[in-house]
Amino acid sequence: MTANLLDFDLDGLAAFCQRLGEKRFRAVQLFRWIHQKGVARFEDMTDLARSLREKLPGVCEVRGLPVLAEQASADGTIKWLFDVGDGNAVESVFIPEDDRGTLCVSSQAGCAVGCRFCSTGHQGFSRNLTTGEILAQLWHAEHHLRRRFNTTERVISNVVMMGMGEPLQNYHALVPALRVMLDDHGYGLSRRRVTVSTSGVVPMMDRLAQDCPVALAVSLHAPADALRDDLVPLNRKYPIAELLDACLRYLPAAPRDFITFEYCMLDGVNDSLDHAEQLIGLLQGHAGTGVPCKLNLIPFNPFPDSGLRCSSRATVKAFADRLHAAGIVTTVRKTRGDDIDAACGQLAGDVLDRTNAAQRLAQRRRQEGQPVIWTPKKQETSA
Ligand code: SF4
């Protein structure tokens, strides 16, 4: 297979061009055609030297991802299902708001972390995406949306690596993709507007601070190790104290002076006022100083066999009020794109359960004598 130019950040593309006997400025021209103008055909790149335009088709191409489906929600949210081969598919979701357009991007087909409240985790892990497959989601979405809205202006202002997969477990593909997002010759996004969300891969958080510090969101979901061990199995390897230490080490390099903690509200599991008190103690007391942070409460999106239910609106509000009263900036995520299953935790909805992980989870819960609950989606929205 010929090289895919979406796999390269600018330095990588310059090295590729050098191997073809071409100077760096040619790589810059190519890079801008691909990412800024969305052009894939070399013959359409009119300011490239004719000799280069003729040379490139034999050795490389701009290979996007086939779109299996596109769905638009009544609220403007748009979801794409991309084919990544071998029966695997990944999703990206565009979420328009008054002052921004955010694209939620996937980093893996499936996920190995297996968080209990996440439908992606329940489908098991298939494989890491390549840099080109990560970027193809942004490349397609940005240029498709420009055509759709009939504009030459940038449509996507923010990227969140919060789709399928744990981005820091696909670090080597992730970092070049982030660099293209940030590059002024690429998408030119500010570091503050590119967010990596992690369940807490501590060593890679340290590396990200060195290699490409962008905004960081950490999936916390519990105020104590025993509960987090159950909800986010990676906690057994990197417990909360180590995770918060890593957050404190990340902050000096971070483009924002706080870490965003994500907290999925689960009925009767992690949503009591006692949990709120523990959380306040943890976030304000860790290492004697606390961790500068914002807390984002996420209403759980139920899916079959999770054994979990979303907290009531009143419970989410009481939890948020308690954190506010303690001086912790707390938001409750609005549920978007619900009519197209685009909301968080539902990204695996249309994708094959390749490893039958959901069935295995349901079987395990039955064996443990625990209920297997299917709550019809959208009983609760943001508080
Ligand atoms: S929440 Fe993130 S890390 Fe956890 S299983 Fe889902 S995709 Fe993986």
# chains A, B, ... in the order shown; residues from 1 in each chain; ligands from 1
call {"tool": "residues_near_ligand", "arguments": {"ligand": "ligand 1", "cutoff": "10 Å", "atoms": "only C-alpha atoms and all ligand atoms", "output": "number ranges by chain"}}
result
A: 106-125, 161-169, 197-201, 218-221, 231-234, 262, 264, 344-348
call {"tool": "write_last_selection", "arguments": {"atoms": "C-alpha atoms", "output": "PDB file, in the first residue's frame"}}
result
ATOM      1  CA  SER A 106     -11.935   8.496  18.330  1.00  0.00           C
ATOM      2  CA  SER A 107      -8.436   7.142  18.921  1.00  0.00           C
ATOM      3  CA  GLN A 108      -9.012   3.369  18.958  1.00  0.00           C
ATOM      4  CA  ALA A 109     -11.459   0.831  17.559  1.00  0.00           C
ATOM      5  CA  GLY A 110     -12.956  -0.296  20.851  1.00  0.00           C
ATOM      6  CA  CYS A 111     -11.108   0.206  24.126  1.00  0.00           C
ATOM      7  CA  ALA A 112      -9.144  -2.022  26.458  1.00  0.00           C
ATOM      8  CA  VAL A 113      -9.806  -0.045  29.649  1.00  0.00           C
ATOM      9  CA  GLY A 114     -13.335  -1.385  30.087  1.00  0.00           C
ATOM     10  CA  CYS A 115     -14.950   1.307  32.219  1.00  0.00           C
ATOM     11  CA  ARG A 116     -18.229  -0.032  33.560  1.00  0.00           C
ATOM     12  CA  PHE A 117     -20.334   2.933  32.481  1.00  0.00           C
ATOM     13  CA  CYS A 118     -18.983   3.112  28.917  1.00  0.00           C
ATOM     14  CA  SER A 119     -20.568   1.262  26.026  1.00  0.00           C
ATOM     15  CA  THR A 120     -17.315   1.441  24.042  1.00  0.00           C
ATOM     16  CA  GLY A 121     -15.510  -0.308  26.873  1.00  0.00           C
ATOM     17  CA  HIS A 122     -18.094  -3.073  26.803  1.00  0.00           C
ATOM     18  CA  GLN A 123     -17.412  -3.928  23.169  1.00  0.00           C
ATOM     19  CA  GLY A 124     -13.783  -4.800  23.887  1.00  0.00           C
ATOM     20  CA  PHE A 125     -10.632  -3.693  22.091  1.00  0.00           C
ATOM     21  CA  MET A 161     -10.166  13.265  22.075  1.00  0.00           C
ATOM     22  CA  MET A 162     -13.157  11.780  23.860  1.00  0.00           C
ATOM     23  CA  GLY A 163     -14.549   9.410  21.273  1.00  0.00           C
ATOM     24  CA  MET A 164     -13.905   5.691  21.243  1.00  0.00           C
ATOM     25  CA  GLY A 165     -10.695   4.572  22.903  1.00  0.00           C
ATOM     26  CA  GLU A 166      -8.141   5.683  25.489  1.00  0.00           C
ATOM     27  CA  PRO A 167      -5.951   8.144  23.546  1.00  0.00           C
ATOM     28  CA  LEU A 168      -2.932   7.757  25.826  1.00  0.00           C
ATOM     29  CA  GLN A 169      -2.877   4.019  25.115  1.00  0.00           C
ATOM     30  CA  SER A 197      -9.279  12.923  27.791  1.00  0.00           C
ATOM     31  CA  THR A 198      -7.682  10.095  29.731  1.00  0.00           C
ATOM     32  CA  SER A 199      -8.796   7.520  32.231  1.00  0.00           C
ATOM     33  CA  GLY A 200      -5.408   8.029  33.896  1.00  0.00           C
ATOM     34  CA  VAL A 201      -2.462   6.508  32.022  1.00  0.00           C
ATOM     35  CA  VAL A 218      -9.279  13.204  33.443  1.00  0.00           C
ATOM     36  CA  SER A 219     -12.049  10.646  33.873  1.00  0.00           C
ATOM     37  CA  LEU A 220     -12.311  10.439  37.655  1.00  0.00           C
ATOM     38  CA  HIS A 221     -15.821   9.125  38.372  1.00  0.00           C
ATOM     39  CA  LEU A 231     -15.696   1.733  37.668  1.00  0.00           C
ATOM     40  CA  VAL A 232     -12.364   2.428  35.933  1.00  0.00           C
ATOM     41  CA  PRO A 233     -10.276  -0.773  36.100  1.00  0.00           C
ATOM     42  CA  LEU A 234      -7.095   1.122  35.171  1.00  0.00           C
ATOM     43  CA  GLU A 262     -15.075  14.159  34.366  1.00  0.00           C
ATOM     44  CA  CYS A 264     -20.260  10.274  35.350  1.00  0.00           C
ATOM     45  CA  CYS A 344     -21.109  10.164  25.482  1.00  0.00           C
ATOM     46  CA  GLY A 345     -20.914   6.482  26.169  1.00  0.00           C
ATOM     47  CA  GLN A 346     -23.169   5.635  23.251  1.00  0.00           C
ATOM     48  CA  LEU A 347     -20.514   5.733  20.582  1.00  0.00           C
ATOM     49  CA  ALA A 348     -20.391   1.991  20.255  1.00  0.00           C
TER      50      ALA A 348
END
call {"tool": "select_by_dssp", "arguments": {"residues": "stretch 81-330 of chain A", "states": "strand (DSSP E)", "output": "PyMOL selection string"}}
result
chain A and resi 81-85+88-97+100-104+108-110+125-128+158-161+194-198+215-219+259-265+293-299+329-330
call {"tool": "write_last_selection", "arguments": {"atoms": "C-alpha atoms", "output": "PDB file, in the first residue's frame"}}
result
ATOM      1  CA  LEU A  81     -19.539   6.307  11.350  1.00  0.00           C
ATOM      2  CA  PHE A  82     -16.216   5.556   9.624  1.00  0.00           C
ATOM      3  CA  ASP A  83     -15.101   2.180   8.311  1.00  0.00           C
ATOM      4  CA  VAL A  84     -11.601   1.278   9.550  1.00  0.00           C
ATOM      5  CA  GLY A  85     -11.586  -2.188   8.001  1.00  0.00           C
ATOM      6  CA  ASN A  88     -14.405  -2.273  12.696  1.00  0.00           C
ATOM      7  CA  ALA A  89     -15.958   1.158  12.718  1.00  0.00           C
ATOM      8  CA  VAL A  90     -15.327   4.303  14.722  1.00  0.00           C
ATOM      9  CA  GLU A  91     -17.421   7.374  15.294  1.00  0.00           C
ATOM     10  CA  SER A  92     -16.866  11.111  15.363  1.00  0.00           C
ATOM     11  CA  VAL A  93     -19.390  13.637  16.563  1.00  0.00           C
ATOM     12  CA  PHE A  94     -19.675  17.324  15.681  1.00  0.00           C
ATOM     13  CA  ILE A  95     -21.327  19.420  18.379  1.00  0.00           C
ATOM     14  CA  PRO A  96     -22.201  22.989  17.355  1.00  0.00           C
ATOM     15  CA  GLU A  97     -22.646  25.641  20.020  1.00  0.00           C
ATOM     16  CA  ARG A 100     -17.678  27.090  19.031  1.00  0.00           C
ATOM     17  CA  GLY A 101     -17.835  23.946  16.948  1.00  0.00           C
ATOM     18  CA  THR A 102     -16.438  20.904  18.697  1.00  0.00           C
ATOM     19  CA  LEU A 103     -15.445  17.620  17.096  1.00  0.00           C
ATOM     20  CA  CYS A 104     -15.234  14.556  19.323  1.00  0.00           C
ATOM     21  CA  GLN A 108      -9.012   3.369  18.958  1.00  0.00           C
ATOM     22  CA  ALA A 109     -11.459   0.831  17.559  1.00  0.00           C
ATOM     23  CA  GLY A 110     -12.956  -0.296  20.851  1.00  0.00           C
ATOM     24  CA  PHE A 125     -10.632  -3.693  22.091  1.00  0.00           C
ATOM     25  CA  SER A 126      -9.945  -4.261  18.405  1.00  0.00           C
ATOM     26  CA  ARG A 127      -6.952  -2.109  17.521  1.00  0.00           C
ATOM     27  CA  ASN A 128      -5.247   1.261  17.686  1.00  0.00           C
ATOM     28  CA  ASN A 158     -12.275  22.659  19.225  1.00  0.00           C
ATOM     29  CA  VAL A 159     -11.247  19.019  19.195  1.00  0.00           C
ATOM     30  CA  VAL A 160     -11.800  16.678  22.111  1.00  0.00           C
ATOM     31  CA  MET A 161     -10.166  13.265  22.075  1.00  0.00           C
ATOM     32  CA  VAL A 194      -7.529  20.666  21.860  1.00  0.00           C
ATOM     33  CA  THR A 195      -8.338  18.373  24.763  1.00  0.00           C
ATOM     34  CA  VAL A 196      -7.043  14.893  25.480  1.00  0.00           C
ATOM     35  CA  SER A 197      -9.279  12.923  27.791  1.00  0.00           C
ATOM     36  CA  THR A 198      -7.682  10.095  29.731  1.00  0.00           C
ATOM     37  CA  ALA A 215      -5.741  20.722  27.607  1.00  0.00           C
ATOM     38  CA  LEU A 216      -6.268  17.667  29.776  1.00  0.00           C
ATOM     39  CA  ALA A 217      -9.490  16.062  30.967  1.00  0.00           C
ATOM     40  CA  VAL A 218      -9.279  13.204  33.443  1.00  0.00           C
ATOM     41  CA  SER A 219     -12.049  10.646  33.873  1.00  0.00           C
ATOM     42  CA  ILE A 259      -7.454  20.125  35.037  1.00  0.00           C
ATOM     43  CA  THR A 260     -10.973  19.141  34.023  1.00  0.00           C
ATOM     44  CA  PHE A 261     -12.250  16.129  35.928  1.00  0.00           C
ATOM     45  CA  GLU A 262     -15.075  14.159  34.366  1.00  0.00           C
ATOM     46  CA  TYR A 263     -17.520  12.491  36.741  1.00  0.00           C
ATOM     47  CA  CYS A 264     -20.260  10.274  35.350  1.00  0.00           C
ATOM     48  CA  MET A 265     -23.262  10.378  37.675  1.00  0.00           C
ATOM     49  CA  CYS A 293      -9.648  21.930  38.681  1.00  0.00           C
ATOM     50  CA  LYS A 294     -13.080  22.134  37.183  1.00  0.00           C
ATOM     51  CA  LEU A 295     -15.540  19.332  37.603  1.00  0.00           C
ATOM     52  CA  ASN A 296     -17.798  18.218  34.789  1.00  0.00           C
ATOM     53  CA  LEU A 297     -20.724  16.076  35.884  1.00  0.00           C
ATOM     54  CA  ILE A 298     -21.947  13.801  33.107  1.00  0.00           C
ATOM     55  CA  PRO A 299     -25.436  12.328  33.180  1.00  0.00           C
ATOM     56  CA  VAL A 329     -16.320  25.154  39.631  1.00  0.00           C
ATOM     57  CA  THR A 330     -18.820  22.512  38.543  1.00  0.00           C
TER      58      THR A 330
END
call {"tool": "select_by_dssp", "arguments": {"residues": "stretch 40-81 of chain A", "states": "helix (DSSP H, G or I)", "output": "MDAnalysis selection string"}}
result
chainID A and resid 42:44 50:58
call {"tool": "write_last_selection", "arguments": {"atoms": "C-alpha atoms", "output": "PDB file, in the first residue's frame"}}
result
ATOM      1  CA  PHE A  42      -2.482  16.002  -6.520  1.00  0.00           C
ATOM      2  CA  GLU A  43      -3.498  17.317  -9.950  1.00  0.00           C
ATOM      3  CA  ASP A  44      -5.713  19.862  -8.155  1.00  0.00           C
ATOM      4  CA  ARG A  50       4.311  19.831 -12.301  1.00  0.00           C
ATOM      5  CA  SER A  51       7.180  17.358 -11.824  1.00  0.00           C
ATOM      6  CA  LEU A  52       6.130  16.789  -8.192  1.00  0.00           C
ATOM      7  CA  ARG A  53       2.445  16.470  -9.092  1.00  0.00           C
ATOM      8  CA  GLU A  54       3.412  13.742 -11.522  1.00  0.00           C
ATOM      9  CA  LYS A  55       5.766  12.016  -9.102  1.00  0.00           C
ATOM     10  CA  LEU A  56       3.435  11.789  -6.085  1.00  0.00           C
ATOM     11  CA  PRO A  57       0.651   9.482  -7.335  1.00  0.00           C
ATOM     12  CA  GLY A  58       3.037   6.564  -7.676  1.00  0.00           C
TER      13      GLY A  58
END
call {"tool": "atom_distance", "arguments": {"atom1": "atom CA of A:Leu5", "atom2": "atom CA of A:Trp33"}}
result
11.3 Å
call {"tool": "residues_around", "arguments": {"residues": "A:Arg322", "least_positions_apart": "5", "cutoff": "8 Å", "atoms": "only C-alpha atoms", "output": "JSON, numbers by chain"}}
result
{"A": [273, 276, 277]}
call {"tool": "closest_residue", "arguments": {"among": "A:Arg63, A:Asp338, A:Phe303, A:Tyr187", "to": "A:Lys79", "atoms": "only C-alpha atoms"}}
result
A:Asp338
call {"tool": "closest_residue", "arguments": {"among": "A:Arg26, A:His172, A:His286, A:Arg333", "to": "A:Gly132", "atoms": "only C-alpha atoms"}}
result
A:His172
call {"tool": "closest_residue", "arguments": {"among": "A:Phe16, A:Phe300, A:Phe8, A:Trp80", "to": "A:Asp267", "atoms": "only C-alpha atoms"}}
result
A:Phe300
call {"tool": "atom_distance", "arguments": {"atom1": "atom CA of A:Ile328", "atom2": "atom CA of A:Pro203"}}
result
26.9 Å
call {"tool": "closest_residue", "arguments": {"among": "A:Ala69, A:Leu20, A:Val332, A:Met181", "to": "A:Lys317", "atoms": "only C-alpha atoms"}}
result
A:Val332
call {"tool": "atom_distance", "arguments": {"atom1": "atom CA of A:Leu13", "atom2": "atom CA of A:His185"}}
result
12.1 Å
call {"tool": "residues_around", "arguments": {"residues": "A:Thr289", "least_positions_apart": "5", "cutoff": "10 Å", "atoms": "only C-alpha atoms", "output": "list in words"}}
result
Leu248, Leu283 and Gln284 of chain A
call {"tool": "write_last_selection", "arguments": {"atoms": "N, CA and C atoms", "output": "PDB file, in the first residue's frame"}}
result
ATOM      1  N   LEU A 248      -0.855  17.234  38.952  1.00  0.00           N
ATOM      2  CA  LEU A 248      -0.073  18.378  39.458  1.00  0.00           C
ATOM      3  C   LEU A 248       1.212  18.559  38.651  1.00  0.00           C
ATOM      4  N   LEU A 283     -10.122  16.646  46.164  1.00  0.00           N
ATOM      5  CA  LEU A 283      -9.659  17.641  45.193  1.00  0.00           C
ATOM      6  C   LEU A 283      -9.053  18.868  45.884  1.00  0.00           C
ATOM      7  N   GLN A 284      -9.532  19.169  47.093  1.00  0.00           N
ATOM      8  CA  GLN A 284      -9.003  20.344  47.783  1.00  0.00           C
ATOM      9  C   GLN A 284      -7.883  19.998  48.755  1.00  0.00           C
TER      10      GLN A 284
END
call {"tool": "decode", "arguments": {"residues": "stretch 200-236 of chain A", "atoms": "N, CA and C atoms", "output": "mmCIF file, in the first residue's frame"}}
result
data_model
loop_
_atom_site.group_PDB
_atom_site.id
_atom_site.type_symbol
_atom_site.label_atom_id
_atom_site.label_comp_id
_atom_site.auth_asym_id
_atom_site.auth_seq_id
_atom_site.Cartn_x
_atom_site.Cartn_y
_atom_site.Cartn_z
ATOM 1 N N GLY A 200 -6.481 7.950 32.907
ATOM 2 C CA GLY A 200 -5.408 8.029 33.896
ATOM 3 C C GLY A 200 -4.200 7.157 33.602
ATOM 4 N N VAL A 201 -3.681 7.253 32.371
ATOM 5 C CA VAL A 201 -2.462 6.508 32.022
ATOM 6 C C VAL A 201 -1.281 7.375 32.461
ATOM 7 N N VAL A 202 -0.903 7.243 33.723
ATOM 8 C CA VAL A 202 -0.004 8.195 34.379
ATOM 9 C C VAL A 202 1.305 8.425 33.618
ATOM 10 N N PRO A 203 2.036 7.389 33.200
ATOM 11 C CA PRO A 203 3.329 7.670 32.532
ATOM 12 C C PRO A 203 3.156 8.473 31.248
ATOM 13 N N MET A 204 2.060 8.233 30.544
ATOM 14 C CA MET A 204 1.841 8.953 29.280
ATOM 15 C C MET A 204 1.355 10.381 29.513
ATOM 16 N N MET A 205 0.747 10.635 30.664
ATOM 17 C CA MET A 205 0.416 12.024 31.007
ATOM 18 C C MET A 205 1.714 12.821 31.147
ATOM 19 N N ASP A 206 2.704 12.207 31.786
ATOM 20 C CA ASP A 206 3.999 12.890 31.933
ATOM 21 C C ASP A 206 4.644 13.124 30.574
ATOM 22 N N ARG A 207 4.532 12.149 29.685
ATOM 23 C CA ARG A 207 5.147 12.312 28.359
ATOM 24 C C ARG A 207 4.417 13.369 27.542
ATOM 25 N N LEU A 208 3.106 13.396 27.672
ATOM 26 C CA LEU A 208 2.340 14.397 26.921
ATOM 27 C C LEU A 208 2.732 15.813 27.351
ATOM 28 N N ALA A 209 2.985 15.982 28.639
ATOM 29 C CA ALA A 209 3.407 17.296 29.136
ATOM 30 C C ALA A 209 4.702 17.729 28.448
ATOM 31 N N GLN A 210 5.569 16.774 28.163
ATOM 32 C CA GLN A 210 6.837 17.084 27.499
ATOM 33 C C GLN A 210 6.652 17.273 25.995
ATOM 34 N N ASP A 211 5.894 16.367 25.379
ATOM 35 C CA ASP A 211 5.880 16.269 23.914
ATOM 36 C C ASP A 211 4.879 17.200 23.246
ATOM 37 N N CYS A 212 3.719 17.365 23.862
ATOM 38 C CA CYS A 212 2.672 18.136 23.180
ATOM 39 C C CYS A 212 1.576 18.518 24.175
ATOM 40 N N PRO A 213 1.889 19.437 25.094
ATOM 41 C CA PRO A 213 0.906 19.741 26.142
ATOM 42 C C PRO A 213 -0.324 20.445 25.596
ATOM 43 N N VAL A 214 -1.445 19.780 25.693
ATOM 44 C CA VAL A 214 -2.741 20.351 25.321
ATOM 45 C C VAL A 214 -3.624 20.295 26.564
ATOM 46 N N ALA A 215 -4.845 20.771 26.448
ATOM 47 C CA ALA A 215 -5.741 20.722 27.607
ATOM 48 C C ALA A 215 -5.998 19.261 27.993
ATOM 49 N N LEU A 216 -6.131 19.041 29.285
ATOM 50 C CA LEU A 216 -6.268 17.667 29.776
ATOM 51 C C LEU A 216 -7.584 17.509 30.532
ATOM 52 N N ALA A 217 -8.299 16.444 30.200
ATOM 53 C CA ALA A 217 -9.490 16.062 30.967
ATOM 54 C C ALA A 217 -9.228 14.666 31.527
ATOM 55 N N VAL A 218 -9.537 14.483 32.780
ATOM 56 C CA VAL A 218 -9.279 13.204 33.443
ATOM 57 C C VAL A 218 -10.604 12.601 33.885
ATOM 58 N N SER A 219 -10.825 11.350 33.487
ATOM 59 C CA SER A 219 -12.049 10.646 33.873
ATOM 60 C C SER A 219 -11.870 10.136 35.299
ATOM 61 N N LEU A 220 -12.509 10.794 36.247
ATOM 62 C CA LEU A 220 -12.311 10.439 37.655
ATOM 63 C C LEU A 220 -13.410 9.484 38.131
ATOM 64 N N HIS A 221 -14.621 9.951 38.159
ATOM 65 C CA HIS A 221 -15.821 9.125 38.372
ATOM 66 C C HIS A 221 -16.001 8.540 39.769
ATOM 67 N N ALA A 222 -14.994 8.673 40.635
ATOM 68 C CA ALA A 222 -15.142 8.164 42.003
ATOM 69 C C ALA A 222 -14.171 8.917 42.903
ATOM 70 N N PRO A 223 -14.544 9.115 44.168
ATOM 71 C CA PRO A 223 -13.663 9.852 45.064
ATOM 72 C C PRO A 223 -12.704 8.961 45.856
ATOM 73 N N ALA A 224 -12.811 7.642 45.698
ATOM 74 C CA ALA A 224 -11.963 6.739 46.486
ATOM 75 C C ALA A 224 -11.594 5.527 45.634
ATOM 76 N N ASP A 225 -10.449 4.919 45.994
ATOM 77 C CA ASP A 225 -9.900 3.848 45.146
ATOM 78 C C ASP A 225 -10.814 2.630 45.025
ATOM 79 N N ALA A 226 -11.451 2.223 46.130
ATOM 80 C CA ALA A 226 -12.239 0.989 46.064
ATOM 81 C C ALA A 226 -13.320 1.105 44.995
ATOM 82 N N LEU A 227 -14.006 2.239 44.973
ATOM 83 C CA LEU A 227 -15.063 2.435 43.987
ATOM 84 C C LEU A 227 -14.480 2.642 42.593
ATOM 85 N N ARG A 228 -13.390 3.392 42.505
ATOM 86 C CA ARG A 228 -12.808 3.654 41.170
ATOM 87 C C ARG A 228 -12.214 2.382 40.572
ATOM 88 N N ASP A 229 -11.677 1.510 41.441
ATOM 89 C CA ASP A 229 -11.187 0.210 40.940
ATOM 90 C C ASP A 229 -12.279 -0.504 40.155
ATOM 91 N N ASP A 230 -13.499 -0.382 40.636
ATOM 92 C CA ASP A 230 -14.625 -1.071 40.013
ATOM 93 C C ASP A 230 -15.097 -0.354 38.745
ATOM 94 N N LEU A 231 -15.140 0.974 38.801
ATOM 95 C CA LEU A 231 -15.696 1.733 37.668
ATOM 96 C C LEU A 231 -14.683 1.925 36.544
ATOM 97 N N VAL A 232 -13.433 2.173 36.916
ATOM 98 C CA VAL A 232 -12.364 2.428 35.933
ATOM 99 C C VAL A 232 -11.230 1.454 36.257
ATOM 100 N N PRO A 233 -11.223 0.259 35.677
ATOM 101 C CA PRO A 233 -10.276 -0.773 36.100
ATOM 102 C C PRO A 233 -8.800 -0.342 36.053
ATOM 103 N N LEU A 234 -8.484 0.655 35.236
ATOM 104 C CA LEU A 234 -7.095 1.122 35.171
ATOM 105 C C LEU A 234 -6.632 1.687 36.509
ATOM 106 N N ASN A 235 -7.596 1.999 37.383
ATOM 107 C CA ASN A 235 -7.246 2.545 38.696
ATOM 108 C C ASN A 235 -6.428 1.564 39.524
ATOM 109 N N ARG A 236 -6.602 0.259 39.244
ATOM 110 C CA ARG A 236 -5.820 -0.737 40.006
ATOM 111 C C ARG A 236 -4.337 -0.582 39.699
#
